[in-house]
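Before any comments, here is the structure.
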Amino acid sequence: MYNFARNLPASGIRKFYDLANSLQKQGHDILHMEIGRPVWKIPQQMKDFLNEAMNNDIYHYMDNRGDRLLREVLCNNIYTKTKKKYNPDTEIIVTTGASEGLAMCALALLGHDDEVIIPEPAWPHYKAVAELAGAKAITVDLPSDQDFIIDPAEIRKVISSKTKMLVLNNPNNPTGAVQPKKVLQELANLAEKHGFYILADEVYDHFIYDNNCFISMAEIMGSSDRLIYLNSLSKTYSITGWRVGYVCCNPILSDAFNKIHQYLTVCGVSTVHYAVSKFIQSDKNADFLSKMIQEFSRRRNVWAENIHSCGNFSYSPPSGAFYLFPRFSYAGLNSEQFCEYMLSEEHICMVPGAVFGAGFDDHVRISFSGTIDTQLKAQKKLMSFFNKIKGA
Ligand SMILES: Cc1ncc(COP(=O)(O)O)c(C=O)c1O
């Protein structure tokens, strides 16, 4: 077997997801706080559009770049939000989720001598695909006591002549941090000065809480060829299983990406592209998005309001996305041991902090993408667990 695959650790998120599912199959009632999968029903109209596509016999291969109308709709959306105009024919590829988009970029762009800077904690795919492409991941730990805001001076320290790309996940999984404009601007300046690309993964851009201000890197780097903009409909529309992501960048890069994309998946799912393009253009779209975000704010506030009651957990309420990334301390356990313990004893499934970076072994990730009821139950369980050990 190819050495890379042999040595590649399995996804730590999926490991706990699988463990939780096997306990569930044995009849245990598990609180799934591990996976970032919005539990929110899609509107009937979206399903109707899917049926309409089937009835119109739209289920064949299509253009590698994806359905033309969907590309146009997505480019228009980016323009409305950021004033950056992407050409739907030459500057966007609709991929099989942002996951394929990321792998496509890495395989097209990175080579053996290249370095990719990844601020951590980070979604583990970035490191895995950089290494899959043969490049070296250079990680920079973000300060948990400053709400995981990037210090561009720390990034500057690791830039070298080999730096090809910086990954910027904003809002962030797993911390929920939303990076301020000044940081984005400084990172953009570094990219121009040192000639590397910024891969801006903004799949959580709709999930912003309180009055936090999210600014897209497309707004900051609109005129630059150095931006690779990655987004997805998975979380935004609660359609993680429909697998629709998209990558926008300059046409030369986009051409190269498209060559990789055609060998990876040929194209997305035409039926799904039809349905989502119709829905995004419909009058139900805005209402659906605003209701969903209100609901996610409620879930997030369950954790924000009870921040001090949650015993051995310390965290700030996240500004965006749908994760908490608290620090914990319990009986000297590391994050993997703690999550195993909490799953087997308390039936709460979380993800070890070490999955998101070796420096975060005293953290866990809690996803609040499940129902409000799940949040309340999980919180109650955690409180009673920490109270029990305090009294012991
Ligand atoms: C930061 C980040 N980027 C990308 C993705 C992948 O999304 P998709 O479902 O579009 O592949 C995820 C999924 O959890 C994510 O957390």
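Identifiers in the structure tokens: chain A, B, ... in order shown; residue index from 1 per chain; ligand index from 1 in order shown.
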
Test item: residues at most 8 Å from region 86-92 of chain A, only C-alpha atoms, excluding those fewer than 6 positions along its chain, as a PDB file with N, CA, C and O atoms, in the first residue's frame:
ATOM      1  N   ARG A  65     -17.711  22.135 -14.947  1.00  0.00           N
ATOM      2  CA  ARG A  65     -17.771  23.220 -13.945  1.00  0.00           C
ATOM      3  C   ARG A  65     -19.100  23.271 -13.194  1.00  0.00           C
ATOM      4  O   ARG A  65     -19.233  24.017 -12.229  1.00  0.00           O
ATOM      5  N   ARG A  68     -24.768  25.696 -15.418  1.00  0.00           N
ATOM      6  CA  ARG A  68     -24.428  27.090 -15.766  1.00  0.00           C
ATOM      7  C   ARG A  68     -25.239  28.090 -14.933  1.00  0.00           C
ATOM      8  O   ARG A  68     -24.715  29.089 -14.459  1.00  0.00           O
ATOM      9  N   ARG A  71     -23.936  28.305 -11.403  1.00  0.00           N
ATOM     10  CA  ARG A  71     -22.692  29.094 -11.339  1.00  0.00           C
ATOM     11  C   ARG A  71     -22.986  30.590 -11.362  1.00  0.00           C
ATOM     12  O   ARG A  71     -22.388  31.372 -10.622  1.00  0.00           O
ATOM     13  N   GLU A  72     -23.953  30.947 -12.192  1.00  0.00           N
ATOM     14  CA  GLU A  72     -24.294  32.362 -12.302  1.00  0.00           C
ATOM     15  C   GLU A  72     -24.904  32.872 -10.989  1.00  0.00           C
ATOM     16  O   GLU A  72     -24.541  33.939 -10.488  1.00  0.00           O
ATOM     17  N   CYS A  75     -22.136  33.190  -8.368  1.00  0.00           N
ATOM     18  CA  CYS A  75     -21.279  34.361  -8.628  1.00  0.00           C
ATOM     19  C   CYS A  75     -22.029  35.650  -8.288  1.00  0.00           C
ATOM     20  O   CYS A  75     -21.446  36.580  -7.712  1.00  0.00           O
ATOM     21  N   ILE A  78     -21.995  36.122  -4.526  1.00  0.00           N
ATOM     22  CA  ILE A  78     -20.691  36.614  -4.029  1.00  0.00           C
ATOM     23  C   ILE A  78     -20.573  38.112  -4.331  1.00  0.00           C
ATOM     24  O   ILE A  78     -20.142  38.899  -3.490  1.00  0.00           O
ATOM     25  N   TYR A  79     -21.027  38.495  -5.514  1.00  0.00           N
ATOM     26  CA  TYR A  79     -20.936  39.915  -5.887  1.00  0.00           C
ATOM     27  C   TYR A  79     -21.777  40.773  -4.939  1.00  0.00           C
ATOM     28  O   TYR A  79     -21.327  41.808  -4.447  1.00  0.00           O
ATOM     29  N   TYR A 246     -18.099  25.116  -3.856  1.00  0.00           N
ATOM     30  CA  TYR A 246     -17.632  25.863  -5.034  1.00  0.00           C
ATOM     31  C   TYR A 246     -16.329  26.584  -4.732  1.00  0.00           C
ATOM     32  O   TYR A 246     -16.061  26.979  -3.593  1.00  0.00           O
ATOM     33  N   VAL A 247     -15.541  26.703  -5.798  1.00  0.00           N
ATOM     34  CA  VAL A 247     -14.222  27.341  -5.693  1.00  0.00           C
ATOM     35  C   VAL A 247     -14.155  28.432  -6.750  1.00  0.00           C
ATOM     36  O   VAL A 247     -14.422  28.173  -7.927  1.00  0.00           O
ATOM     37  N   CYS A 248     -13.800  29.637  -6.322  1.00  0.00           N
ATOM     38  CA  CYS A 248     -13.655  30.745  -7.260  1.00  0.00           C
ATOM     39  C   CYS A 248     -12.220  31.261  -7.202  1.00  0.00           C
ATOM     40  O   CYS A 248     -11.638  31.377  -6.109  1.00  0.00           O
ATOM     41  N   CYS A 249     -11.678  31.576  -8.349  1.00  0.00           N
ATOM     42  CA  CYS A 249     -10.318  32.121  -8.400  1.00  0.00           C
ATOM     43  C   CYS A 249     -10.048  32.643  -9.801  1.00  0.00           C
ATOM     44  O   CYS A 249     -10.947  32.598 -10.653  1.00  0.00           O
ATOM     45  N   ASN A 250      -8.831  33.085 -10.048  1.00  0.00           N
ATOM     46  CA  ASN A 250      -8.535  33.660 -11.363  1.00  0.00           C
ATOM     47  C   ASN A 250      -8.629  32.571 -12.439  1.00  0.00           C
ATOM     48  O   ASN A 250      -8.491  31.377 -12.138  1.00  0.00           O
ATOM     49  N   PRO A 251      -8.866  32.961 -13.698  1.00  0.00           N
ATOM     50  CA  PRO A 251      -9.164  31.958 -14.734  1.00  0.00           C
ATOM     51  C   PRO A 251      -8.023  30.978 -15.019  1.00  0.00           C
ATOM     52  O   PRO A 251      -8.289  29.819 -15.357  1.00  0.00           O
ATOM     53  N   SER A 254      -8.155  28.540 -12.253  1.00  0.00           N
ATOM     54  CA  SER A 254      -9.423  27.822 -12.334  1.00  0.00           C
ATOM     55  C   SER A 254      -9.372  26.753 -13.433  1.00  0.00           C
ATOM     56  O   SER A 254      -9.897  25.648 -13.260  1.00  0.00           O
ATOM     57  N   ASP A 255      -8.700  27.069 -14.533  1.00  0.00           N
ATOM     58  CA  ASP A 255      -8.511  26.094 -15.616  1.00  0.00           C
ATOM     59  C   ASP A 255      -7.730  24.873 -15.121  1.00  0.00           C
ATOM     60  O   ASP A 255      -8.091  23.731 -15.417  1.00  0.00           O
TER      61      ASP A 255
END

Residues within 8 Å of ligand 1 should be enumerated using only C-alpha atoms and all ligand atoms and returned as a CSV table (one decimal) with N, CA, C and O atoms, in the first residue's frame.
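Output contents, as saved in part20.csv:
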chain,number,residue,atom,x,y,z
A,35,ILE,N,-20.5,15.9,15.4
A,35,ILE,CA,-20.5,16.2,14.0
A,35,ILE,C,-21.1,17.5,13.6
A,35,ILE,O,-22.1,18.0,14.2
A,36,GLY,N,-20.5,18.2,12.6
A,36,GLY,CA,-21.0,19.5,12.2
A,36,GLY,C,-22.0,19.4,11.1
A,36,GLY,O,-21.8,19.6,10.0
A,37,ARG,N,-23.2,18.9,11.6
A,37,ARG,CA,-24.2,18.6,10.6
A,37,ARG,C,-25.5,19.3,11.0
A,37,ARG,O,-26.2,18.8,12.0
A,96,THR,N,-17.9,18.7,-5.6
A,96,THR,CA,-18.6,17.8,-4.7
A,96,THR,C,-18.4,18.1,-3.3
A,96,THR,O,-17.6,17.5,-2.6
A,97,GLY,N,-19.0,19.2,-2.8
A,97,GLY,CA,-18.7,19.7,-1.5
A,97,GLY,C,-17.5,20.5,-1.5
A,97,GLY,O,-16.6,20.4,-2.4
A,98,ALA,N,-17.3,21.3,-0.4
A,98,ALA,CA,-16.0,22.1,-0.3
A,98,ALA,C,-14.9,21.1,-0.1
A,98,ALA,O,-13.7,21.4,-0.5
A,99,SER,N,-15.2,19.9,0.4
A,99,SER,CA,-14.1,18.9,0.6
A,99,SER,C,-13.4,18.6,-0.7
A,99,SER,O,-12.2,18.5,-0.8
A,100,GLU,N,-14.2,18.3,-1.7
A,100,GLU,CA,-13.5,18.0,-3.0
A,100,GLU,C,-12.8,19.3,-3.5
A,100,GLU,O,-11.7,19.2,-4.1
A,101,GLY,N,-13.5,20.4,-3.3
A,101,GLY,CA,-12.8,21.7,-3.8
A,101,GLY,C,-11.5,21.9,-3.2
A,101,GLY,O,-10.5,22.2,-3.9
A,102,LEU,N,-11.4,21.6,-1.9
A,102,LEU,CA,-10.1,21.7,-1.2
A,102,LEU,C,-9.0,20.7,-1.8
A,102,LEU,O,-7.9,21.1,-2.1
A,122,ALA,N,-7.4,23.7,13.6
A,122,ALA,CA,-8.0,23.8,12.2
A,122,ALA,C,-8.7,22.5,11.9
A,122,ALA,O,-8.3,21.4,12.4
A,123,TRP,N,-9.6,22.6,11.0
A,123,TRP,CA,-10.3,21.4,10.4
A,123,TRP,C,-9.2,20.5,9.8
A,123,TRP,O,-8.3,21.0,9.1
A,169,ASN,N,-9.5,29.8,7.5
A,169,ASN,CA,-10.9,29.4,7.7
A,169,ASN,C,-11.6,30.4,8.6
A,169,ASN,O,-11.3,30.5,9.8
A,170,ASN,N,-12.5,31.1,8.0
A,170,ASN,CA,-13.2,32.2,8.7
A,170,ASN,C,-14.7,32.2,8.3
A,170,ASN,O,-14.9,32.4,7.1
A,172,ASN,N,-14.4,30.1,11.9
A,172,ASN,CA,-13.5,29.0,12.1
A,172,ASN,C,-14.2,27.7,12.7
A,172,ASN,O,-15.0,27.8,13.6
A,173,ASN,N,-13.9,26.6,12.1
A,173,ASN,CA,-14.1,25.3,12.7
A,173,ASN,C,-12.8,24.8,13.2
A,173,ASN,O,-11.9,24.7,12.4
A,174,PRO,N,-12.6,24.6,14.5
A,174,PRO,CA,-13.5,24.4,15.6
A,174,PRO,C,-13.8,25.5,16.5
A,174,PRO,O,-14.5,25.3,17.5
A,201,ASP,N,-11.5,29.7,3.3
A,201,ASP,CA,-12.6,28.7,3.4
A,201,ASP,C,-13.7,29.4,4.2
A,201,ASP,O,-13.5,29.6,5.5
A,202,GLU,N,-14.8,29.8,3.6
A,202,GLU,CA,-15.8,30.5,4.3
A,202,GLU,C,-17.2,29.8,4.4
A,202,GLU,O,-18.2,30.4,4.2
A,203,VAL,N,-17.1,28.5,4.6
A,203,VAL,CA,-18.3,27.7,4.5
A,203,VAL,C,-19.3,28.0,5.7
A,203,VAL,O,-20.4,27.7,5.6
A,204,TYR,N,-18.8,28.7,6.7
A,204,TYR,CA,-19.7,29.1,7.8
A,204,TYR,C,-20.1,30.6,7.7
A,204,TYR,O,-20.5,31.1,8.8
A,231,ASN,N,-16.3,27.8,-0.8
A,231,ASN,CA,-17.5,27.9,0.0
A,231,ASN,C,-18.3,26.7,-0.3
A,231,ASN,O,-17.9,25.8,-1.1
A,232,SER,N,-19.5,26.6,0.3
A,232,SER,CA,-20.3,25.4,0.2
A,232,SER,C,-21.7,25.7,0.6
A,232,SER,O,-22.0,26.6,1.3
A,233,LEU,N,-22.6,24.9,0.0
A,233,LEU,CA,-24.0,25.0,0.4
A,233,LEU,C,-24.4,24.1,1.6
A,233,LEU,O,-25.5,24.1,2.1
A,234,SER,N,-23.4,23.2,1.9
A,234,SER,CA,-23.7,22.1,2.9
A,234,SER,C,-24.3,22.7,4.2
A,234,SER,O,-25.4,22.2,4.6
A,235,LYS,N,-23.6,23.6,4.8
A,235,LYS,CA,-24.1,24.1,6.1
A,235,LYS,C,-25.2,25.2,5.9
A,235,LYS,O,-26.2,25.3,6.6
A,240,THR,N,-26.0,18.9,3.9
A,240,THR,CA,-24.6,18.3,3.9
A,240,THR,C,-24.5,17.1,3.0
A,240,THR,O,-23.5,16.8,2.4
A,241,GLY,N,-25.7,16.4,2.8
A,241,GLY,CA,-25.6,15.2,2.0
A,241,GLY,C,-25.8,15.4,0.5
A,241,GLY,O,-25.6,14.5,-0.3
A,243,ARG,N,-24.0,17.5,-1.3
A,243,ARG,CA,-22.6,17.7,-1.7
A,243,ARG,C,-22.4,18.8,-2.8
A,243,ARG,O,-22.1,18.5,-4.0
A,244,VAL,N,-22.6,20.0,-2.4
A,244,VAL,CA,-22.4,21.2,-3.3
A,244,VAL,C,-21.4,22.2,-2.7
A,244,VAL,O,-21.8,22.8,-1.7
A,245,GLY,N,-20.3,22.2,-3.2
A,245,GLY,CA,-19.3,23.3,-2.8
A,245,GLY,C,-18.9,24.1,-4.0
A,245,GLY,O,-19.3,23.7,-5.2

Using only C-alpha atoms, the residue out of A:Phe368, A:Phe4, A:Phe288, A:Phe296 with shortest distance to Ala133 (chain A) is A:Phe4

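The residues of region 177-209 of chain A that DSSP assigns to strand (DSSP E) on this backbone come out as Tyr197, Ile198, Leu199, Ala200 and Asp201 of chain A.
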
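Counting from CA of Lys193 (chain A), the distance to CA of Pro143 (chain A) is 25.1 Å.
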
Asp210 (chain A) environment, 10 Å, only C-alpha atoms, sequence neighbours closer than 6 positions dropped, as a list in words: Ser297, Asn301, Pro318, Ser319 and Gly320 of chain A

Export C-alpha atoms of the chosen residues as a PDB file, in the first residue's frame?
ATOM      1  CA  SER A 297     -28.444  31.772  17.532  1.00  0.00           C
ATOM      2  CA  ASN A 301     -27.138  31.211  23.327  1.00  0.00           C
ATOM      3  CA  PRO A 318     -18.334  31.701  19.661  1.00  0.00           C
ATOM      4  CA  SER A 319     -18.822  34.628  17.265  1.00  0.00           C
ATOM      5  CA  GLY A 320     -19.627  32.359  14.337  1.00  0.00           C
TER       6      GLY A 320
END

Mind checking which residues fall within 9 Å of Tyr197 (chain A), counting only C-alpha atoms, ignoring those fewer than 4 positions away in the same chain, and posting them as a VMD selection string? chain A and resid 163 to 167 191 to 192 225 to 228

Once you have the residues from the selection above, write them out as a short mmCIF file (atom, residue, chain, number, x, y, z; two decimals), in the first residue's frame, restricted to N, CA and C atoms.
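Contents of the output file out.cif:
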data_model
loop_
_atom_site.label_atom_id
_atom_site.label_comp_id
_atom_site.auth_asym_id
_atom_site.auth_seq_id
_atom_site.Cartn_x
_atom_site.Cartn_y
_atom_site.Cartn_z
N THR A 163 6.82 29.00 0.81
CA THR A 163 5.40 29.15 1.15
C THR A 163 4.56 29.32 -0.12
N LYS A 164 3.63 28.41 -0.31
CA LYS A 164 2.79 28.49 -1.51
C LYS A 164 1.38 28.96 -1.17
N MET A 165 0.96 28.63 0.06
CA MET A 165 -0.45 28.91 0.38
C MET A 165 -0.63 29.08 1.89
N LEU A 166 -1.58 29.92 2.23
CA LEU A 166 -2.01 30.05 3.63
C LEU A 166 -3.50 29.68 3.66
N VAL A 167 -3.87 28.86 4.61
CA VAL A 167 -5.29 28.51 4.73
C VAL A 167 -5.93 29.42 5.77
N ALA A 191 0.40 38.10 1.63
CA ALA A 191 0.28 37.24 0.44
C ALA A 191 0.84 37.96 -0.79
N GLU A 192 0.50 39.24 -0.91
CA GLU A 192 0.99 40.02 -2.07
C GLU A 192 2.51 40.18 -1.99
N ASP A 225 -5.06 38.32 -7.68
CA ASP A 225 -5.09 36.98 -8.27
C ASP A 225 -4.72 35.91 -7.25
N ARG A 226 -4.40 36.35 -6.05
CA ARG A 226 -3.85 35.42 -5.06
C ARG A 226 -4.92 34.80 -4.16
N LEU A 227 -6.17 35.12 -4.41
CA LEU A 227 -7.24 34.57 -3.56
C LEU A 227 -7.86 33.33 -4.19
N ILE A 228 -7.99 32.29 -3.38
CA ILE A 228 -8.79 31.11 -3.77
C ILE A 228 -9.95 31.07 -2.78
#

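Among the candidates A:Gly222, A:Gly176, A:Pro152, A:Pro171, the residue lying nearest to His206 (chain A) is A:Pro171 (atoms considered: only C-alpha atoms).
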
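Among the candidate residues A:Cys349, A:Ala358, A:Asn312, A:Arg6, the one lying nearest to Lys388 (chain A) is A:Asn312, with distances computed using only C-alpha atoms.
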
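Restricting the calculation to only C-alpha atoms, the smallest distance between Asp57 (chain A) and any of A:Gln337, A:Ser329, A:Ser369, A:Ser270 is found for A:Ser270.
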
Taking 2 positions as the minimum chain separation for residues in the same chain, which residues sit within 10 Å of region 272-281 of chain A when counting only C-alpha atoms? Answer as a ChimeraX atom specification. /A:43,45-54,58-59,66-74,77,94,233,237,239,242-244,268-270,283-286,288

Identify, with DSSP run on backbone atoms, the residues in region 260-392 of chain A assigned to helix (DSSP H, G or I), and express the list as an NGL selection string. :A and (260-264 or 270-281 or 285-305 or 335-346 or 353-356 or 358-360 or 372-391)

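Across the structure, CA of Ser290 (chain A) and CA of Ile208 (chain A) are spaced 11.3 Å apart.
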
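Pairwise distance (CA of Asn387 (chain A), CA of Tyr330 (chain A)) equals 12.3 Å.
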
Could you list, as a ChimeraX atom specification, every residue within 12 Å of Ile366 (chain A), counting only C-alpha atoms and ignoring same-chain residues fewer than 3 positions away? /A:13,31-37,173-176,299-300,303,313,315,317-318,321-328,339,348-353,363,369-370,374-375,378-379,382

Please identify all polymer residues within 10 Å of Asp141 (chain A), counting only C-alpha atoms, omitting same-chain residues fewer than 5 positions from it, and present them as a list in words. Ile118, Pro119, Glu120, Pro121, Ala122, Phe148, Ile150, Glu154, Ile155, Gly357, Ala358, Gly359 and Phe360 of chain A

Tell me which of A:Phe196, A:Glu346, A:Ala137, A:Gln179 sits closest to Phe386 (chain A), counting only C-alpha atoms. A:Glu346
